[in-house]
$ cat target34.txt   # compact mmCIF, C-alpha atoms and all ligand atoms
# COMPACT_ATOMS: atom_id res chain seq x y z
CA MET T 1337 -29.05 11.23 -32.67
CA SER T 1338 -27.83 7.98 -31.27
CA ALA T 1339 -24.38 7.92 -29.73
CA LEU T 1340 -23.95 4.38 -31.06
CA PHE T 1341 -23.22 2.98 -34.48
CA ASP T 1342 -22.78 -0.48 -36.00
CA ARG T 1343 -19.29 -1.64 -36.91
CA SER T 1344 -18.68 -4.73 -39.07
CA TYR T 1345 -16.61 -7.68 -37.93
CA THR T 1346 -15.68 -11.09 -39.31
CA CYS T 1347 -15.15 -13.85 -36.79
CA GLN T 1348 -11.72 -15.51 -37.17
CA ILE T 1349 -13.03 -18.74 -35.69
CA CYS T 1350 -16.32 -19.45 -37.48
CA GLY T 1351 -16.28 -16.94 -40.36
CA ASN T 1352 -19.52 -15.30 -39.19
CA GLU T 1353 -19.96 -11.74 -40.49
CA PHE T 1354 -21.84 -9.51 -38.09
CA THR T 1355 -22.12 -5.96 -36.80
CA SER T 1356 -21.59 -4.90 -33.21
CA MET T 1357 -22.34 -1.51 -31.69
CA GLN T 1358 -19.66 0.98 -30.73
CA VAL T 1359 -19.79 4.49 -29.25
CA LYS T 1360 -19.14 7.31 -31.70
CA THR T 1361 -15.93 9.13 -30.83
CA SER T 1362 -17.80 12.44 -31.01
CA ALA T 1363 -20.22 11.21 -28.31
CA ILE T 1364 -17.59 10.25 -25.74
CA ARG T 1365 -17.71 12.52 -22.70
CA ALA T 1366 -15.23 11.78 -19.92
CA LYS T 1367 -16.42 13.05 -16.56
CA GLU T 1368 -13.70 11.82 -14.24
CA ARG T 1369 -10.37 10.05 -14.64
CA ARG T 1370 -9.29 7.99 -11.69
CA LYS T 1371 -5.75 7.03 -10.80
CA ASP T 1372 -6.22 3.38 -11.77
CA PHE T 1373 -7.10 4.57 -15.33
CA HIS T 1374 -10.81 4.05 -14.65
CA THR T 1375 -12.68 6.76 -16.54
CA ILE T 1376 -16.24 7.72 -15.60
CA PHE T 1377 -18.33 8.93 -18.54
CA ASN T 1378 -21.39 11.07 -19.05
CA GLY T 1379 -23.70 9.26 -21.44
CA GLU T 1380 -22.61 6.07 -23.20
CA ASN T 1381 -19.60 4.30 -21.72
CA PRO T 1382 -17.17 3.20 -24.47
CA THR T 1383 -15.42 0.83 -22.04
CA PHE T 1384 -18.59 -1.31 -22.05
CA TYR T 1385 -17.95 -1.98 -25.75
CA GLY T 1386 -14.24 -2.80 -25.48
CA VAL T 1387 -14.66 -6.50 -26.22
CA ILE T 1388 -16.32 -8.04 -29.27
CA CYS T 1389 -18.30 -11.26 -28.94
CA CYS T 1390 -19.27 -13.42 -31.93
CA PRO T 1391 -22.92 -14.34 -31.30
CA ASN T 1392 -22.52 -17.49 -33.37
CA CYS T 1393 -19.56 -19.23 -31.70
CA GLY T 1394 -18.75 -17.29 -28.52
CA TYR T 1395 -15.26 -16.15 -29.56
CA THR T 1396 -14.73 -12.99 -27.49
CA LYS T 1397 -11.75 -10.65 -27.37
CA PHE T 1398 -10.70 -7.01 -27.08
CA GLU T 1399 -11.57 -5.36 -30.37
CA ASN T 1400 -7.98 -5.25 -31.69
CA ASP T 1401 -7.32 -8.85 -30.71
CA PHE T 1402 -10.62 -9.96 -32.25
CA LYS T 1403 -9.44 -8.75 -35.66
CA GLN T 1404 -6.11 -10.60 -35.55
CA GLU T 1405 -5.71 -13.74 -37.62
CA VAL T 1406 -5.57 -16.92 -35.59
CA THR T 1407 -3.67 -20.18 -36.04
CA ALA T 1408 -5.46 -23.42 -36.90
CA LYS T 1409 -4.54 -24.71 -33.46
CA CYS T 1410 -6.16 -21.75 -31.77
CA ARG T 1411 -9.27 -22.11 -33.97
CA ASP T 1412 -9.65 -25.77 -33.01
CA LEU T 1413 -9.13 -24.99 -29.36
CA VAL T 1414 -11.91 -22.35 -29.34
CA LYS T 1415 -14.26 -24.62 -31.30
CA ASN T 1416 -13.68 -27.54 -28.95
CA THR T 1417 -14.12 -25.52 -25.77
CA ILE T 1418 -15.90 -22.17 -26.05
CA THR T 1419 -18.15 -23.03 -29.00
CA LYS T 1420 -18.99 -26.49 -27.66
CA SER T 1421 -20.60 -25.03 -24.57
CA TRP T 1422 -21.88 -21.84 -26.24
CA LYS T 1423 -25.56 -21.05 -25.73
CA PRO T 1424 -26.91 -18.42 -28.15
CA GLN T 1425 -26.27 -14.99 -26.66
CA ASP T 1426 -26.09 -11.67 -28.39
CA TYR T 1427 -23.93 -8.78 -27.16
CA THR T 1428 -23.87 -6.88 -30.45
CA HIS T 1429 -26.47 -4.28 -29.41
CA GLU T 1430 -26.55 -1.56 -26.76
CA ARG T 1431 -24.87 -2.73 -23.54
CA ASP T 1432 -25.79 -1.76 -20.02
CA LEU T 1433 -23.48 -2.33 -17.05
CA ASN T 1434 -24.83 -5.84 -16.53
CA ALA T 1435 -24.26 -6.84 -20.16
CA ALA T 1436 -20.77 -5.30 -20.04
CA ILE T 1437 -19.91 -7.45 -17.01
CA LYS T 1438 -21.26 -10.61 -18.66
CA VAL T 1439 -19.46 -10.11 -21.98
CA HIS T 1440 -16.18 -9.31 -20.20
CA LEU T 1441 -16.53 -12.50 -18.14
CA ILE T 1442 -16.94 -14.43 -21.43
CA ALA T 1443 -13.80 -12.70 -22.74
CA LEU T 1444 -11.97 -13.77 -19.58
CA VAL T 1445 -12.82 -17.43 -20.28
CA ASN T 1446 -11.54 -17.03 -23.87
CA TYR T 1447 -8.25 -15.42 -22.79
CA ASN T 1448 -7.68 -18.05 -20.10
CA ILE T 1449 -8.39 -20.97 -22.43
CA LEU T 1450 -6.04 -19.52 -25.05
CA LYS T 1451 -3.39 -18.96 -22.34
CA GLU T 1452 -2.92 -15.35 -23.38
CA LYS T 1453 -0.50 -12.95 -21.70
CA GLN T 1454 -1.10 -12.13 -18.05
CA ALA T 1455 -0.73 -8.43 -18.92
CA VAL T 1456 -3.86 -8.64 -21.10
CA ILE T 1457 -5.74 -10.85 -18.66
CA GLY T 1458 -4.88 -8.32 -15.95
CA LYS T 1459 -6.30 -5.51 -18.09
CA LEU T 1460 -9.54 -7.46 -18.48
CA LEU T 1461 -9.74 -8.24 -14.75
CA LEU T 1462 -9.14 -4.57 -13.94
CA ARG T 1463 -12.05 -3.56 -16.18
CA LEU T 1464 -14.27 -6.05 -14.36
CA ALA T 1465 -13.14 -4.46 -11.08
CA TRP T 1466 -14.19 -1.04 -12.46
CA PHE T 1467 -17.58 -2.36 -13.56
CA TYR T 1468 -18.29 -3.88 -10.15
CA ASP T 1469 -17.25 -0.58 -8.59
CA GLU T 1470 -19.75 1.23 -10.83
CA ALA T 1471 -22.37 -1.36 -9.82
CA GLY T 1472 -21.68 -0.54 -6.15
CA ASN T 1473 -20.64 -4.15 -5.49
CA SER T 1474 -17.59 -3.70 -3.26
CA ASP T 1475 -17.05 -7.42 -2.58
CA GLU T 1476 -16.78 -8.29 -6.28
CA ASN T 1477 -14.75 -5.12 -6.89
CA LYS T 1478 -12.23 -6.23 -4.28
CA LYS T 1479 -12.14 -9.77 -5.67
CA TYR T 1480 -11.30 -8.52 -9.17
CA VAL T 1481 -8.79 -5.93 -7.93
CA LYS T 1482 -6.98 -8.81 -6.22
CA LEU T 1483 -7.17 -11.02 -9.32
CA ALA T 1484 -5.91 -8.17 -11.54
CA LEU T 1485 -3.06 -7.51 -9.08
CA ASP T 1486 -2.01 -11.20 -9.16
CA ALA T 1487 -2.08 -11.21 -12.99
CA PHE T 1488 0.05 -8.04 -13.20
CA ILE T 1489 2.56 -9.46 -10.71
CA ARG T 1490 2.83 -12.67 -12.78
CA SER T 1491 3.25 -10.54 -15.89
CA PHE T 1492 5.98 -8.45 -14.25
CA GLU T 1493 7.84 -11.55 -13.09
CA LEU T 1494 7.45 -13.79 -16.14
CA GLU T 1495 6.59 -11.85 -19.29
CA LYS T 1496 8.62 -9.71 -21.63
CA GLN T 1497 6.51 -6.74 -22.68
CA GLU T 1498 6.26 -5.43 -26.19
CA ASP T 1499 7.23 -1.75 -26.08
CA ALA T 1500 8.88 -3.00 -22.95
CA GLU T 1501 9.68 0.27 -21.23
CA GLU T 1502 6.29 1.85 -21.47
CA LYS T 1503 4.25 -1.25 -20.68
CA GLU T 1504 6.46 -2.29 -17.82
CA LEU T 1505 6.19 1.12 -16.18
CA GLU T 1506 2.41 0.96 -16.43
CA ILE T 1507 2.32 -2.51 -14.92
CA ILE T 1508 4.63 -1.57 -12.04
CA TYR T 1509 2.46 1.47 -11.36
CA LEU T 1510 -0.75 -0.57 -11.37
CA ILE T 1511 0.76 -3.13 -8.99
CA GLY T 1512 1.36 -0.21 -6.62
CA GLU T 1513 -2.09 1.29 -7.11
CA LEU T 1514 -4.01 -1.98 -6.71
CA ASN T 1515 -2.02 -2.79 -3.56
CA ARG T 1516 -3.03 0.61 -2.19
CA GLN T 1517 -6.69 -0.06 -3.00
CA LEU T 1518 -6.44 -3.30 -1.03
CA GLY T 1519 -4.90 -1.51 1.96
CA ASN T 1520 -1.39 -2.94 1.46
CA TYR T 1521 0.15 0.50 1.90
CA LYS T 1522 3.78 -0.46 2.53
CA GLU T 1523 3.78 -2.76 -0.49
CA ALA T 1524 2.09 -0.03 -2.59
CA ILE T 1525 4.80 2.47 -1.65
CA ARG T 1526 7.54 -0.01 -2.66
CA TRP T 1527 6.08 -0.23 -6.19
CA TYR T 1528 5.36 3.51 -6.55
CA GLU T 1529 8.97 4.11 -5.60
CA MET T 1530 10.04 1.65 -8.29
CA VAL T 1531 8.10 3.72 -10.87
CA VAL T 1532 9.61 7.02 -9.78
CA ARG T 1533 13.15 5.60 -9.81
CA HIS T 1534 12.66 3.62 -13.05
CA GLU T 1535 15.25 4.41 -15.71
CA PHE T 1536 12.48 5.15 -18.23
CA ALA T 1537 10.20 7.13 -15.90
CA TYR T 1538 11.11 10.35 -17.75
CA LYS T 1539 9.41 8.93 -20.85
CA ASN T 1540 6.03 8.78 -19.16
CA ARG T 1541 5.48 11.88 -17.10
CA LEU T 1542 1.81 11.09 -16.54
CA ILE T 1543 2.54 7.81 -14.77
CA LYS T 1544 5.50 9.26 -12.90
CA GLY T 1545 3.23 12.07 -11.65
CA TYR T 1546 0.50 9.60 -10.67
CA ALA T 1547 3.05 7.47 -8.80
CA LYS T 1548 4.27 10.48 -6.79
CA ASP T 1549 0.70 11.56 -5.91
CA GLN T 1550 -0.41 8.08 -4.95
CA TRP T 1551 2.76 7.46 -2.96
CA ALA T 1552 1.90 10.49 -0.81
CA LEU T 1553 -1.70 9.29 -0.50
CA ALA T 1554 -0.62 5.76 0.49
CA ALA T 1555 1.72 7.20 3.16
CA GLU T 1556 -1.16 9.27 4.53
CA GLU T 1557 -3.51 6.27 4.52
CA TYR T 1558 -0.85 4.14 6.20
CA ASN T 1559 -0.41 6.67 9.00
CA LEU T 1560 -4.16 6.93 9.44
CA SER T 1561 -4.51 3.15 9.64
CA LYS T 1562 -1.76 3.00 12.30
CA LYS T 1563 -3.52 5.73 14.29
CA ASN T 1564 -6.83 3.87 14.09
CA GLU T 1565 -5.11 0.67 15.19
CA SER T 1566 -3.57 2.32 18.24
CA ASN T 1567 -6.90 3.98 19.06
CA ALA T 1568 -8.53 0.56 18.88
CA VAL T 1569 -5.92 -0.78 21.33
CA VAL T 1570 -6.54 2.16 23.68
CA ASN T 1571 -10.29 1.58 23.48
CA GLN T 1572 -9.84 -2.11 24.20
CA ASN T 1573 -7.84 -1.29 27.31
CA TYR T 1574 -10.66 0.76 28.78
ZN ZN T 1601 -17.63 -16.90 -34.49

$ encode --input "target34.txt" --output "structure tokens" --more "lines below"
Ligand SMILES: [Zn+2]
Amino acid sequence: MSALFDRSYTCQICGNEFTSMQVKTSAIRAKERRKDFHTIFNGENPTFYGVICCPNCGYTKFENDFKQEVTAKCRDLVKNTITKSWKPQDYTHERDLNAAIKVHLIALVNYNILKEKQAVIGKLLLRLAWFYDEAGNSDENKKYVKLALDAFIRSFELEKQEDAEEKELEIIYLIGELNRQLGNYKEAIRWYEMVVRHEFAYKNRLIKGYAKDQWALAAEEYNLSKKNESNAVVNQNY
């Protein structure tokens, strides 16, 4: 039996009614959960199907956002930008890693044009970073980790979060974790510490636990990098 099924959608921009494939909940098999929330799956990867793309007009958003009603202004904006340059493409069927990357890049253009929240744009950029990691493309992975980090920092500085406490804690944690991935260990530790000391940390034990673990890891990696640096200096002196 197929792990996929067709779900119906109506496009809020052009009115197109279409189906797009999703992974059956019963078929989702998580193999590994990483500390940046990247889950590796056995079999079909539901993350590939996280965004819905209207094949008719190019309107592309996370599934929940895709279903939301839009204002006339937003509709006009998408029609005059996305749809104007849209070349027929269909992401409603089974998606491989390559298709997942492409459809998420289209979503990124949509979110940027609509000037959506940096927290959501960051989430999209982080998923692209995961996909490039799965593709074994470390340059693109790094590029998107950096872009996601910048978006989360802008979000932290400028945006009020809905369910503020929970969201903010998650964003602070991710700023720490993405800094660590980029080798900015001291900066990473500063943000992990902010999670652990956050007044609402007790409400999210998972993230608090992650922050403690990753703080220790970042300290270890920092010490190792210092050791390697001093070894390099010693070697140079020979
Ligand atoms: Zn449409």

$ residues_near_ligand --input "target34.txt" --ligand "ligand ZN 1601 (chain T)" --cutoff "10 Å" --atoms "all atoms listed in the file" --output "PyMOL selection string"
chain T and resi 1345-1354+1389-1396+1411+1414-1415+1419

$ atom_distance --input "target34.txt" --atom1 "CA of Gly1519 (chain T)" --atom2 "CA of Gln1454 (chain T)"
23.0 Å

$ closest_residue --input "target34.txt" --among "T:Ser1362, T:Gln1550, T:Asn1477, T:Asn1416" --to "Arg1526 (chain T)" --atoms "all atoms listed in the file"
T:Gln1550

$ residues_around --input "target34.txt" --residues "region 1367-1374 of chain T" --least-positions-apart "2" --cutoff "9 Å" --atoms "only C-alpha atoms" --output "list in words"
Arg1365, Ile1376, Phe1377, Asn1378, Leu1462, Arg1463, Trp1466, Tyr1509, Leu1510, Glu1513, Leu1514, Tyr1546 and Gln1550 of chain T

$ axis_aligned_box --input "target34.txt" --around "region 1537-1556 of chain T" --padding-each-side "8 Å" --output "AutoDock Vina command-line options"
--center_x 4.7 --center_y 8.9 --center_z -8.2 --size_x 28.8 --size_y 22.3 --size_z 41.4

$ residues_near_point --input "target34.txt" --point "(-15.9, -14.2, -23.4)" --cutoff "10 Å" --atoms "only C-alpha atoms" --output "ChimeraX atom specification"
/T:1387-1390,1394-1398,1418,1438-1448

$ closest_residue --input "target34.txt" --among "T:Ala1366, T:Pro1424, T:Val1481, T:Pro1382" --to "Phe1341 (chain T)" --atoms "all atoms listed in the file"
T:Pro1382

$ closest_residue --input "target34.txt" --among "T:Arg1516, T:Lys1562, T:Lys1403, T:Lys1548" --to "Met1530 (chain T)" --atoms "only C-alpha atoms"
T:Lys1548

$ residues_near_point --input "target34.txt" --point "(-8.5, -13.0, -9.5)" --cutoff "10 Å" --atoms "all atoms listed in the file" --output "list of chain:residue names"
T:Ile1457, T:Gly1458, T:Leu1461, T:Leu1462, T:Ala1465, T:Lys1478, T:Lys1479, T:Tyr1480, T:Val1481, T:Lys1482, T:Leu1483, T:Ala1484, T:Leu1485, T:Asp1486, T:Ala1487

$ residues_around --input "target34.txt" --residues "Asp1432 (chain T)" --least-positions-apart "5" --cutoff "10 Å" --atoms "all atoms listed in the file" --output "list in words"
Glu1380, Asn1381, Phe1384, Tyr1385 and Ile1437 of chain T

$ closest_residue --input "target34.txt" --among "T:Ser1491, T:Asn1540, T:Gln1517, T:Thr1428" --to "Leu1505 (chain T)" --atoms "all atoms listed in the file"
T:Asn1540

$ closest_residue --input "target34.txt" --among "T:Ser1566, T:Thr1383, T:Ser1356, T:Ser1474" --to "Leu1518 (chain T)" --atoms "only C-alpha atoms"
T:Ser1474

$ atom_distance --input "target34.txt" --atom1 "CA of Glu1405 (chain T)" --atom2 "CA of Gln1425 (chain T)"
23.3 Å

$ residues_around --input "target34.txt" --residues "Lys1544 (chain T)" --least-positions-apart "5" --cutoff "9 Å" --atoms "all atoms listed in the file" --output "list of chain:residue names"
T:Leu1505, T:Tyr1509, T:Tyr1528, T:Val1531, T:Val1532, T:Ala1537, T:Tyr1538, T:Lys1539, T:Asp1549

$ atom_distance --input "target34.txt" --atom1 "CA of Thr1407 (chain T)" --atom2 "CA of Val1456 (chain T)"
18.9 Å

$ closest_residue --input "target34.txt" --among "T:Ser1344, T:Asn1567, T:Gln1404, T:Thr1375" --to "Glu1470 (chain T)" --atoms "all atoms listed in the file"
T:Thr1375

$ build_atoms --input "target34.txt" --residues "region 1416-1433 of chain T" --atoms "N, CA and C atoms" --output "CSV table (one decimal), in the frame of the given file"
chain,number,residue,atom,x,y,z
T,1416,ASN,N,-13.5,-26.4,-29.8
T,1416,ASN,CA,-13.7,-27.5,-29.0
T,1416,ASN,C,-14.0,-27.2,-27.5
T,1417,THR,N,-13.9,-25.9,-27.2
T,1417,THR,CA,-14.1,-25.5,-25.8
T,1417,THR,C,-15.2,-24.5,-25.7
T,1418,ILE,N,-14.9,-23.3,-26.1
T,1418,ILE,CA,-15.9,-22.2,-26.0
T,1418,ILE,C,-17.2,-22.5,-26.8
T,1419,THR,N,-17.0,-22.8,-28.1
T,1419,THR,CA,-18.2,-23.0,-29.0
T,1419,THR,C,-19.0,-24.2,-28.6
T,1420,LYS,N,-18.3,-25.3,-28.1
T,1420,LYS,CA,-19.0,-26.5,-27.7
T,1420,LYS,C,-20.0,-26.2,-26.6
T,1421,SER,N,-19.7,-25.3,-25.7
T,1421,SER,CA,-20.6,-25.0,-24.6
T,1421,SER,C,-21.3,-23.7,-24.8
T,1422,TRP,N,-21.3,-23.2,-26.0
T,1422,TRP,CA,-21.9,-21.8,-26.2
T,1422,TRP,C,-23.4,-21.9,-26.4
T,1423,LYS,N,-24.1,-21.1,-25.6
T,1423,LYS,CA,-25.6,-21.0,-25.7
T,1423,LYS,C,-25.8,-19.7,-26.4
T,1424,PRO,N,-26.7,-19.7,-27.4
T,1424,PRO,CA,-26.9,-18.4,-28.2
T,1424,PRO,C,-27.1,-17.2,-27.2
T,1425,GLN,N,-26.2,-16.3,-27.4
T,1425,GLN,CA,-26.3,-15.0,-26.7
T,1425,GLN,C,-25.8,-13.9,-27.6
T,1426,ASP,N,-26.4,-12.7,-27.5
T,1426,ASP,CA,-26.1,-11.7,-28.4
T,1426,ASP,C,-25.7,-10.4,-27.7
T,1427,TYR,N,-24.4,-10.0,-27.8
T,1427,TYR,CA,-23.9,-8.8,-27.2
T,1427,TYR,C,-23.6,-7.7,-28.2
T,1428,THR,N,-24.2,-7.8,-29.4
T,1428,THR,CA,-23.9,-6.9,-30.4
T,1428,THR,C,-24.7,-5.6,-30.4
T,1429,HIS,N,-25.6,-5.5,-29.5
T,1429,HIS,CA,-26.5,-4.3,-29.4
T,1429,HIS,C,-26.0,-3.4,-28.3
T,1430,GLU,N,-26.9,-2.5,-27.9
T,1430,GLU,CA,-26.6,-1.6,-26.8
T,1430,GLU,C,-26.3,-2.4,-25.5
T,1431,ARG,N,-25.2,-2.0,-24.8
T,1431,ARG,CA,-24.9,-2.7,-23.5
T,1431,ARG,C,-25.1,-1.9,-22.3
T,1432,ASP,N,-25.7,-2.4,-21.3
T,1432,ASP,CA,-25.8,-1.8,-20.0
T,1432,ASP,C,-24.7,-2.4,-19.2
T,1433,LEU,N,-24.6,-1.9,-17.9
T,1433,LEU,CA,-23.5,-2.3,-17.0
T,1433,LEU,C,-23.5,-3.9,-16.9
